[in-house]
Every structure is written in C-alpha cells, then in structure tokens.
Amino acid sequence: MDEEYDVIVLGTGLKECILSGLLSVDGFKVLHMDKNDYYGGESSSLTLTQLWKRFRGSDQPPEELLGVSREYNVDMIPKFMMANGTLVRVLIHTNVTKYLHFKAVDGSFVYNKGKIYKVPATDVEALKSPLMGLFEKRRARKFFIFVQDFEEGDPKTHQGMNLNTITARELIAKYELEDDTIDFIGHALALQISDSYLDHLAMEFVKRMKLYAESLARFQSGSPYIYPLYGLGELPQAFARLSAVYGGTYMLNKPQCKVEFDGDGKAIGVTSEGETAKCKKVVCDPSYLPDKVQKVGKVARAICIMSHPIPDTNDSHSAQVILPQKQLGRNSDMYLFCCSYAHNVAPKGKFIAFVSAEAETDNPEAELKPGVDLLGPVDDIFYETYDRYVPSNDNDADHCFISTSYDATTHFESTVKDVLAMYTKITGKVLDLSVDLSAASAGAEE
C-alpha cells in the first residue's frame, strides 16, 4: 500500500463510486477504500436478513411470511432517475449503462387535499386532470404550452419575458394560476424541495419542468423515471467496475482509515492497519472526516414491506408520490417511493415502500404518519432517522473533498448536482455531459 496516488477515495457510497469512476476515466491514479466489507456505504441494498439485523438486531426474519431473504434488495437511499436527467447522462458518458438493466417506473403522483392524483405534465394531461377546475385547466394548459415551446436560444418563444431576470413567482403570476396548481407544478414537476424556488430566477424552474416533460415522453411509461433491476445497489458496483477497468485499485474491509495531514494541514495520505498510502487529494463521505463537516438537519423515514401497490396509484408496481409541504402544513415535502418484484427488489407478490421527509420533530412515527396512512395495510415497517451533514472545510487548504449526506428526496437530481460540483472542484473542469441519450434504454413493464 506504500504507493502514491493522485486521489484516495474513502467510502463506496454512490457519490464516491461515481467520482472514483469519473476520475479514473480522466487518467487519475485512484485508490478506493471502504471500512465496510460491502459496497454502497449508506446507499447499499439489503437482503431481508440484513434488514432484520440492522433494525431488529436478529438475523432470523420471518421468511415464511415475507418470502426468501435473498430475493430482497432493499435500497437504503431509494431514489428514481429522471430518464433524461443528469445521472443518466453520467451513466452514458462513462458507458456504465452496459453493466446495468433499467426498467421504466410506472407512475408519478402528487398528494392534494387528502387524495393522490397522477401528475399532469403536458397541456393535454392538464385538460384531463381532475386536480383542477375547468377555468384553471385552461390557464394551466396555456402555461404548459409556454414551457413546452420555450427554447433558451430562440427569443420568439420567450413571449417578451427574460427568464434570467424575472423570478418563478413573477412568471407564474402572468398565468394567474391557483395556489394548489402552483403546488403540484413546483414540487411534483419541477421537483423543488421547498417553496423558496418561487423567489429564484424563472429560467431554472422552466428548465426543470422541461426536463420532466422530456423524460416523460422518452419511454411513454406514465412517469419520467427509470430504475435499475435489482435496485440501486448495482450502481456503486457498476462505477467500481468502471474505475477498475481504468486502473483504479479497490480495498474493502479496511478498518480505521485515518487521513494523514502535513504541517500545513494538507491531506497527504491515508493509514489503515499500520500501512500508509500517499496521495495528493482525499475524497470521502462525511463519516471519514467528522471534524470537517457540520450537521444541517436529519431525515426521517419508514421502510415498509407490503403485499399490494400503494392504493390509488393505478396499481403501479413502481411509483413516486410527492406530498407538497403546504398540503401537510410542513416546512418541506414528504415523499413516497414504491418498488416491487417487477424490478426484482422483492419476492413475487411483495412491494417495498418508503416514506421519507426532512425531520422537523424527534418523533418519526408521528411525523411520517400522513405518508404511511396512504400505504394501506403493511406486512412490516421499520422507522429510522439519520443526520445530514455538509462539508465545512476549505478544499484549497486541506485537499479534502467531502460529499454531502443524502437528502429525503426520492429522485437523484440533488445527489448528482453534488457529485458534479465535487468533480469540478477536484479537476478544475466541468464534466461534458452532451451525450446521445438514446444510448440508455429501459424495458417497459411486462
């Protein structure tokens, strides 16, 4: 282990594995270590036995009731991918798509006044949606047509507005949309996690809506999302394979990975089991450098095993339901995520559902109740909270690049944003993601 590396990556969470793969492809000499004996870190997938061990302290799950343990792949950080989103672009850019098989996700829904509705994403769907009254449908249709036709480089499509100077609130006001409509457009289409976006520039908001609509059109499946067969645990391993192909070295089960610093406070290597590997830069998750991060919140979630899909989601085997903050009187949204044996994450007839939210109290069971109540009967349920950290260090001074913790969202857009920002800080360049999106395909529901 006494070699010198350009970068040592600590932790095999999804973010760390993507960075390890990207840096290896760029010609960096990478050593990747993990204190655990499995890939994935916080974003691993667990069998039923591992799930039981983690939450119940026993390795004897009731397989006679729930099915065979090894047929479960329960994602600890469950998130869907936007079909035309940044993560899919990264997968194509690195050719990691060849290691993975995707399937389109059945449904995308939003919670409004106590009920679940399909998210209308186009002018045609707006006219059909029971979410809005007749006059509001017409106003929403006009707004959707503006967004669909909008091209940043073509002023004719801007209707006399400059989206780089007006806010999302000002743009929406021109269409006189009602609060409930703004709620589902902002949170379930543009995937904003709070209402603060209304006072930011309209350009980003419109681009996010276009991404949703274009992703939806891609596979014609009822949602803009795709998801790997066998769950997200496949993703870190796929990027690990990529890194290995380009000369990256992997070491799992390396206890006490200690980052070494020189007299100026710069990272110069990592020591484990008495051996030190030298490096110029360290990339890691917050658990490896706890004194260089600060806690900014926590996520509460419920993991449920069920024998049916989420009610009122058109029997979708895979679905996301977003519960906007206003609908629940909260400061941030709540998310439902459901996947099933159709994506090979559970035995035949079983469904895995997650309810997650930024914790605003110390009682996850009471806080998540509005989401859990929408699931109907559950075979079993596990609750947990985990802290969210962001780096508080100066990269230039210490050469340490630390990822932020995973948030409560059930889609990948915020996760990949962090990865790309870290990539730019480490390499000094922006990753070129102009790729042929048709290189990634996803099978439809059988």
# chains A, B, ... in the order shown; residues from 1 in each chain; ligands from 1
$ select_by_dssp --residues "stretch 186-318 of chain A" --states "helix (DSSP H, G or I)" --output "PyMOL selection string"
chain A and resi 186-189+195-199+202-219+234-245+286-288+290-292
$ write_last_selection --atoms "N, CA and C atoms" --output "compact mmCIF listing (two decimals), in the first residue's frame"
# COMPACT_ATOMS: atom_id res chain seq x y z
N GLY A 186 -44.68 23.13 -8.97
CA GLY A 186 -43.37 23.39 -8.35
C GLY A 186 -42.74 22.17 -7.72
N HIS A 187 -43.55 21.36 -7.04
CA HIS A 187 -42.98 20.28 -6.22
C HIS A 187 -42.97 18.93 -6.93
N ALA A 188 -43.99 18.63 -7.74
CA ALA A 188 -44.07 17.30 -8.37
C ALA A 188 -43.55 17.30 -9.80
N LEU A 189 -43.48 18.47 -10.44
CA LEU A 189 -42.96 18.56 -11.81
C LEU A 189 -41.54 19.13 -11.83
N ASP A 195 -40.68 25.89 -1.03
CA ASP A 195 -41.24 26.98 -1.83
C ASP A 195 -40.26 28.13 -2.09
N SER A 196 -39.02 28.00 -1.62
CA SER A 196 -38.06 29.09 -1.80
C SER A 196 -37.75 29.33 -3.29
N TYR A 197 -37.97 28.32 -4.14
CA TYR A 197 -37.69 28.46 -5.57
C TYR A 197 -38.49 29.61 -6.20
N LEU A 198 -39.65 29.95 -5.60
CA LEU A 198 -40.52 30.98 -6.18
C LEU A 198 -39.81 32.33 -6.28
N ASP A 199 -38.82 32.56 -5.41
CA ASP A 199 -38.12 33.83 -5.43
C ASP A 199 -36.76 33.74 -6.12
N ALA A 202 -36.59 32.44 -12.89
CA ALA A 202 -37.56 31.56 -13.55
C ALA A 202 -36.89 30.56 -14.50
N MET A 203 -35.70 30.89 -15.01
CA MET A 203 -35.06 30.02 -16.01
C MET A 203 -34.85 28.59 -15.49
N GLU A 204 -34.30 28.50 -14.28
CA GLU A 204 -34.04 27.17 -13.69
C GLU A 204 -35.34 26.40 -13.52
N PHE A 205 -36.38 27.07 -13.07
CA PHE A 205 -37.70 26.47 -12.85
C PHE A 205 -38.26 25.90 -14.16
N VAL A 206 -38.19 26.68 -15.25
CA VAL A 206 -38.72 26.24 -16.55
C VAL A 206 -37.88 25.07 -17.09
N LYS A 207 -36.56 25.15 -16.90
CA LYS A 207 -35.69 24.04 -17.37
C LYS A 207 -36.04 22.74 -16.65
N ARG A 208 -36.35 22.85 -15.36
CA ARG A 208 -36.70 21.64 -14.60
C ARG A 208 -38.03 21.06 -15.09
N MET A 209 -38.99 21.92 -15.41
CA MET A 209 -40.27 21.44 -15.95
C MET A 209 -40.06 20.77 -17.29
N LYS A 210 -39.20 21.35 -18.12
CA LYS A 210 -38.94 20.77 -19.45
C LYS A 210 -38.27 19.40 -19.32
N LEU A 211 -37.35 19.30 -18.37
CA LEU A 211 -36.67 18.02 -18.14
C LEU A 211 -37.69 16.94 -17.79
N TYR A 212 -38.66 17.28 -16.94
CA TYR A 212 -39.69 16.32 -16.54
C TYR A 212 -40.49 15.88 -17.76
N ALA A 213 -40.95 16.87 -18.55
CA ALA A 213 -41.81 16.55 -19.71
C ALA A 213 -41.05 15.73 -20.75
N GLU A 214 -39.77 16.09 -21.00
CA GLU A 214 -38.98 15.35 -22.00
C GLU A 214 -38.68 13.94 -21.51
N SER A 215 -38.42 13.80 -20.22
CA SER A 215 -38.16 12.46 -19.66
C SER A 215 -39.42 11.60 -19.73
N LEU A 216 -40.56 12.23 -19.49
CA LEU A 216 -41.84 11.52 -19.55
C LEU A 216 -42.10 10.99 -20.96
N ALA A 217 -41.76 11.80 -21.95
CA ALA A 217 -42.01 11.41 -23.35
C ALA A 217 -41.07 10.29 -23.80
N ARG A 218 -39.97 10.13 -23.09
CA ARG A 218 -38.91 9.22 -23.53
C ARG A 218 -39.37 7.76 -23.63
N PHE A 219 -39.96 7.24 -22.57
CA PHE A 219 -40.34 5.81 -22.57
C PHE A 219 -41.85 5.59 -22.55
N GLU A 234 -26.76 -1.94 -7.39
CA GLU A 234 -25.99 -2.26 -8.60
C GLU A 234 -25.15 -1.06 -9.07
N LEU A 235 -25.61 0.16 -8.74
CA LEU A 235 -24.95 1.35 -9.28
C LEU A 235 -23.53 1.57 -8.75
N PRO A 236 -23.32 1.59 -7.42
CA PRO A 236 -21.95 1.78 -6.94
C PRO A 236 -21.01 0.72 -7.51
N GLN A 237 -21.50 -0.53 -7.59
CA GLN A 237 -20.64 -1.60 -8.11
C GLN A 237 -20.30 -1.40 -9.58
N ALA A 238 -21.27 -0.86 -10.34
CA ALA A 238 -21.02 -0.62 -11.77
C ALA A 238 -19.93 0.44 -11.94
N PHE A 239 -19.98 1.51 -11.13
CA PHE A 239 -18.93 2.53 -11.22
C PHE A 239 -17.60 2.00 -10.68
N ALA A 240 -17.67 1.10 -9.70
CA ALA A 240 -16.43 0.49 -9.19
C ALA A 240 -15.77 -0.34 -10.29
N ARG A 241 -16.60 -1.06 -11.06
CA ARG A 241 -16.05 -1.83 -12.19
C ARG A 241 -15.38 -0.91 -13.20
N LEU A 242 -16.06 0.21 -13.48
CA LEU A 242 -15.52 1.18 -14.43
C LEU A 242 -14.15 1.66 -13.96
N SER A 243 -14.07 2.03 -12.68
CA SER A 243 -12.80 2.53 -12.13
C SER A 243 -11.72 1.46 -12.27
N ALA A 244 -12.07 0.20 -11.99
CA ALA A 244 -11.08 -0.89 -12.08
C ALA A 244 -10.60 -1.07 -13.52
N VAL A 245 -11.52 -0.94 -14.48
CA VAL A 245 -11.15 -1.07 -15.90
C VAL A 245 -10.07 -0.04 -16.26
N PRO A 286 -19.03 11.98 4.73
CA PRO A 286 -18.82 12.69 5.99
C PRO A 286 -18.32 11.82 7.14
N SER A 287 -18.58 10.50 7.11
CA SER A 287 -18.21 9.66 8.25
C SER A 287 -16.70 9.51 8.42
N TYR A 288 -15.92 9.79 7.36
CA TYR A 288 -14.46 9.60 7.43
C TYR A 288 -13.74 10.82 7.99
N PRO A 290 -15.23 13.46 10.38
CA PRO A 290 -16.34 14.09 11.12
C PRO A 290 -16.02 15.50 11.63
N ASP A 291 -14.73 15.83 11.78
CA ASP A 291 -14.41 17.18 12.28
C ASP A 291 -14.37 18.22 11.17
N LYS A 292 -14.64 17.79 9.92
CA LYS A 292 -14.63 18.74 8.79
C LYS A 292 -16.03 18.90 8.18
$ residues_around --residues "stretch 110-121 of chain A" --least-positions-apart "6" --cutoff "10 Å" --atoms "only C-alpha atoms" --output "VMD selection string"
chain A and resid 127 to 131 140 to 141 144 148 180 to 181 183 to 185 187 to 189 209 to 210 212 to 214 216 to 217 222 to 224 310 to 314 320 to 324 326 to 328 334 to 336 370 to 371 374
$ residues_around --residues "A:Thr47" --least-positions-apart "3" --cutoff "10 Å" --atoms "only C-alpha atoms" --output "list in words"
Gln50, Leu51, Trp52, Lys53, Val68, Ser69, Arg70, Glu71, Tyr72, Asn73, Val74, Asp75, Val345 and Ala346 of chain A
$ closest_residue --among "A:Leu289, A:Asp37, A:Pro255, A:Leu14" --to "A:Glu273" --atoms "only C-alpha atoms"
A:Pro255
$ decode --residues "stretch 164-300 of chain A" --atoms "C-alpha atoms" --output "mmCIF file, in the first residue's frame"
data_model
loop_
_atom_site.group_PDB
_atom_site.id
_atom_site.type_symbol
_atom_site.label_atom_id
_atom_site.label_comp_id
_atom_site.auth_asym_id
_atom_site.auth_seq_id
_atom_site.Cartn_x
_atom_site.Cartn_y
_atom_site.Cartn_z
ATOM 1 C CA ASN A 164 -32.884 35.282 -16.383
ATOM 2 C CA THR A 165 -34.192 38.448 -14.730
ATOM 3 C CA ILE A 166 -37.716 37.550 -13.509
ATOM 4 C CA THR A 167 -38.490 35.148 -10.662
ATOM 5 C CA ALA A 168 -40.551 31.956 -10.891
ATOM 6 C CA ARG A 169 -43.214 33.751 -8.826
ATOM 7 C CA GLU A 170 -43.424 36.592 -11.400
ATOM 8 C CA LEU A 171 -43.631 34.136 -14.308
ATOM 9 C CA ILE A 172 -46.421 32.122 -12.661
ATOM 10 C CA ALA A 173 -48.325 35.329 -11.794
ATOM 11 C CA LYS A 174 -48.649 36.118 -15.527
ATOM 12 C CA TYR A 175 -50.745 32.942 -15.910
ATOM 13 C CA GLU A 176 -52.849 33.614 -12.772
ATOM 14 C CA LEU A 177 -52.516 30.028 -11.532
ATOM 15 C CA GLU A 178 -54.136 28.962 -8.252
ATOM 16 C CA ASP A 179 -52.060 28.002 -5.208
ATOM 17 C CA ASP A 180 -52.850 24.266 -5.487
ATOM 18 C CA THR A 181 -51.745 24.264 -9.139
ATOM 19 C CA ILE A 182 -48.517 26.089 -8.274
ATOM 20 C CA ASP A 183 -48.027 23.493 -5.542
ATOM 21 C CA PHE A 184 -48.038 20.461 -7.844
ATOM 22 C CA ILE A 185 -46.144 22.199 -10.669
ATOM 23 C CA GLY A 186 -43.372 23.394 -8.355
ATOM 24 C CA HIS A 187 -42.982 20.280 -6.225
ATOM 25 C CA ALA A 188 -44.068 17.305 -8.365
ATOM 26 C CA LEU A 189 -42.960 18.559 -11.815
ATOM 27 C CA ALA A 190 -40.056 20.941 -11.195
ATOM 28 C CA LEU A 191 -39.093 18.776 -8.176
ATOM 29 C CA GLN A 192 -38.391 21.739 -5.919
ATOM 30 C CA ILE A 193 -37.972 20.668 -2.304
ATOM 31 C CA SER A 194 -39.425 23.826 -0.734
ATOM 32 C CA ASP A 195 -41.242 26.985 -1.832
ATOM 33 C CA SER A 196 -38.056 29.094 -1.801
ATOM 34 C CA TYR A 197 -37.691 28.460 -5.574
ATOM 35 C CA LEU A 198 -40.521 30.982 -6.181
ATOM 36 C CA ASP A 199 -38.116 33.834 -5.426
ATOM 37 C CA HIS A 200 -35.293 32.436 -7.589
ATOM 38 C CA LEU A 201 -34.864 33.042 -11.316
ATOM 39 C CA ALA A 202 -37.563 31.557 -13.554
ATOM 40 C CA MET A 203 -35.055 30.018 -16.015
ATOM 41 C CA GLU A 204 -34.037 27.174 -13.693
ATOM 42 C CA PHE A 205 -37.704 26.468 -12.853
ATOM 43 C CA VAL A 206 -38.717 26.235 -16.552
ATOM 44 C CA LYS A 207 -35.694 24.043 -17.372
ATOM 45 C CA ARG A 208 -36.701 21.639 -14.598
ATOM 46 C CA MET A 209 -40.267 21.438 -15.947
ATOM 47 C CA LYS A 210 -38.940 20.767 -19.453
ATOM 48 C CA LEU A 211 -36.666 18.017 -18.142
ATOM 49 C CA TYR A 212 -39.690 16.320 -16.539
ATOM 50 C CA ALA A 213 -41.813 16.552 -19.707
ATOM 51 C CA GLU A 214 -38.983 15.353 -21.998
ATOM 52 C CA SER A 215 -38.164 12.460 -19.657
ATOM 53 C CA LEU A 216 -41.840 11.519 -19.550
ATOM 54 C CA ALA A 217 -42.010 11.408 -23.345
ATOM 55 C CA ARG A 218 -38.913 9.219 -23.535
ATOM 56 C CA PHE A 219 -40.342 5.809 -22.566
ATOM 57 C CA GLN A 220 -44.088 6.579 -22.631
ATOM 58 C CA SER A 221 -44.476 4.736 -19.338
ATOM 59 C CA GLY A 222 -46.587 7.038 -17.167
ATOM 60 C CA SER A 223 -43.627 8.547 -15.335
ATOM 61 C CA PRO A 224 -40.393 10.332 -16.254
ATOM 62 C CA TYR A 225 -38.358 7.936 -14.099
ATOM 63 C CA ILE A 226 -36.313 4.782 -14.618
ATOM 64 C CA TYR A 227 -34.839 2.407 -12.043
ATOM 65 C CA PRO A 228 -32.277 -0.429 -12.267
ATOM 66 C CA LEU A 229 -33.395 -4.035 -11.984
ATOM 67 C CA TYR A 230 -32.212 -5.426 -8.617
ATOM 68 C CA GLY A 231 -32.190 -1.917 -7.157
ATOM 69 C CA LEU A 232 -29.633 0.827 -6.697
ATOM 70 C CA GLY A 233 -27.030 -1.405 -5.031
ATOM 71 C CA GLU A 234 -25.987 -2.258 -8.596
ATOM 72 C CA LEU A 235 -24.949 1.352 -9.283
ATOM 73 C CA PRO A 236 -21.950 1.777 -6.943
ATOM 74 C CA GLN A 237 -20.637 -1.602 -8.107
ATOM 75 C CA ALA A 238 -21.017 -0.622 -11.773
ATOM 76 C CA PHE A 239 -18.928 2.530 -11.217
ATOM 77 C CA ALA A 240 -16.432 0.488 -9.194
ATOM 78 C CA ARG A 241 -16.050 -1.832 -12.194
ATOM 79 C CA LEU A 242 -15.524 1.177 -14.430
ATOM 80 C CA SER A 243 -12.803 2.527 -12.130
ATOM 81 C CA ALA A 244 -11.085 -0.890 -12.081
ATOM 82 C CA VAL A 245 -11.145 -1.067 -15.900
ATOM 83 C CA TYR A 246 -9.223 2.233 -15.945
ATOM 84 C CA GLY A 247 -6.664 1.093 -13.369
ATOM 85 C CA GLY A 248 -8.391 2.080 -10.095
ATOM 86 C CA THR A 249 -7.487 -0.074 -7.062
ATOM 87 C CA TYR A 250 -10.206 -1.225 -4.603
ATOM 88 C CA MET A 251 -9.795 -2.312 -0.997
ATOM 89 C CA LEU A 252 -12.864 -3.218 1.080
ATOM 90 C CA ASN A 253 -12.893 -4.061 4.791
ATOM 91 C CA LYS A 254 -10.100 -1.602 5.681
ATOM 92 C CA PRO A 255 -10.769 -0.597 9.302
ATOM 93 C CA GLN A 256 -9.814 2.777 10.824
ATOM 94 C CA CYS A 257 -8.999 4.590 7.581
ATOM 95 C CA LYS A 258 -7.207 7.618 9.020
ATOM 96 C CA VAL A 259 -6.443 10.627 6.828
ATOM 97 C CA GLU A 260 -2.874 11.923 7.393
ATOM 98 C CA PHE A 261 -2.059 15.648 7.170
ATOM 99 C CA ASP A 262 1.219 17.542 6.791
ATOM 100 C CA GLY A 263 2.282 20.520 8.961
ATOM 101 C CA ASP A 264 0.196 22.896 6.812
ATOM 102 C CA GLY A 265 -2.966 20.835 7.277
ATOM 103 C CA LYS A 266 -2.921 19.361 3.751
ATOM 104 C CA ALA A 267 -4.039 15.744 3.274
ATOM 105 C CA ILE A 268 -1.010 13.662 2.241
ATOM 106 C CA GLY A 269 -2.215 10.076 2.664
ATOM 107 C CA VAL A 270 -4.422 7.505 4.402
ATOM 108 C CA THR A 271 -3.340 4.973 7.024
ATOM 109 C CA SER A 272 -5.100 1.655 7.648
ATOM 110 C CA GLU A 273 -3.806 -1.345 9.597
ATOM 111 C CA GLY A 274 -0.385 0.261 10.031
ATOM 112 C CA GLU A 275 0.183 0.952 6.327
ATOM 113 C CA THR A 276 0.033 4.390 4.715
ATOM 114 C CA ALA A 277 -0.832 5.141 1.086
ATOM 115 C CA LYS A 278 0.280 8.603 -0.034
ATOM 116 C CA CYS A 279 -1.941 10.884 -2.105
ATOM 117 C CA LYS A 280 -2.462 14.427 -3.357
ATOM 118 C CA LYS A 281 -6.214 14.597 -2.639
ATOM 119 C CA VAL A 282 -8.778 12.746 -0.496
ATOM 120 C CA VAL A 283 -12.439 12.249 -1.478
ATOM 121 C CA CYS A 284 -14.790 10.825 1.161
ATOM 122 C CA ASP A 285 -18.230 10.747 2.744
ATOM 123 C CA PRO A 286 -18.825 12.692 5.992
ATOM 124 C CA SER A 287 -18.209 9.663 8.255
ATOM 125 C CA TYR A 288 -14.465 9.599 7.434
ATOM 126 C CA LEU A 289 -13.739 13.228 8.443
ATOM 127 C CA PRO A 290 -16.336 14.089 11.118
ATOM 128 C CA ASP A 291 -14.412 17.181 12.282
ATOM 129 C CA LYS A 292 -14.634 18.742 8.794
ATOM 130 C CA VAL A 293 -18.436 18.602 8.418
ATOM 131 C CA GLN A 294 -21.398 20.243 10.119
ATOM 132 C CA LYS A 295 -24.845 18.839 10.829
ATOM 133 C CA VAL A 296 -27.582 20.674 8.916
ATOM 134 C CA GLY A 297 -30.612 18.503 9.591
ATOM 135 C CA LYS A 298 -31.859 14.943 9.645
ATOM 136 C CA VAL A 299 -34.006 12.671 7.527
ATOM 137 C CA ALA A 300 -36.871 10.586 8.962
#
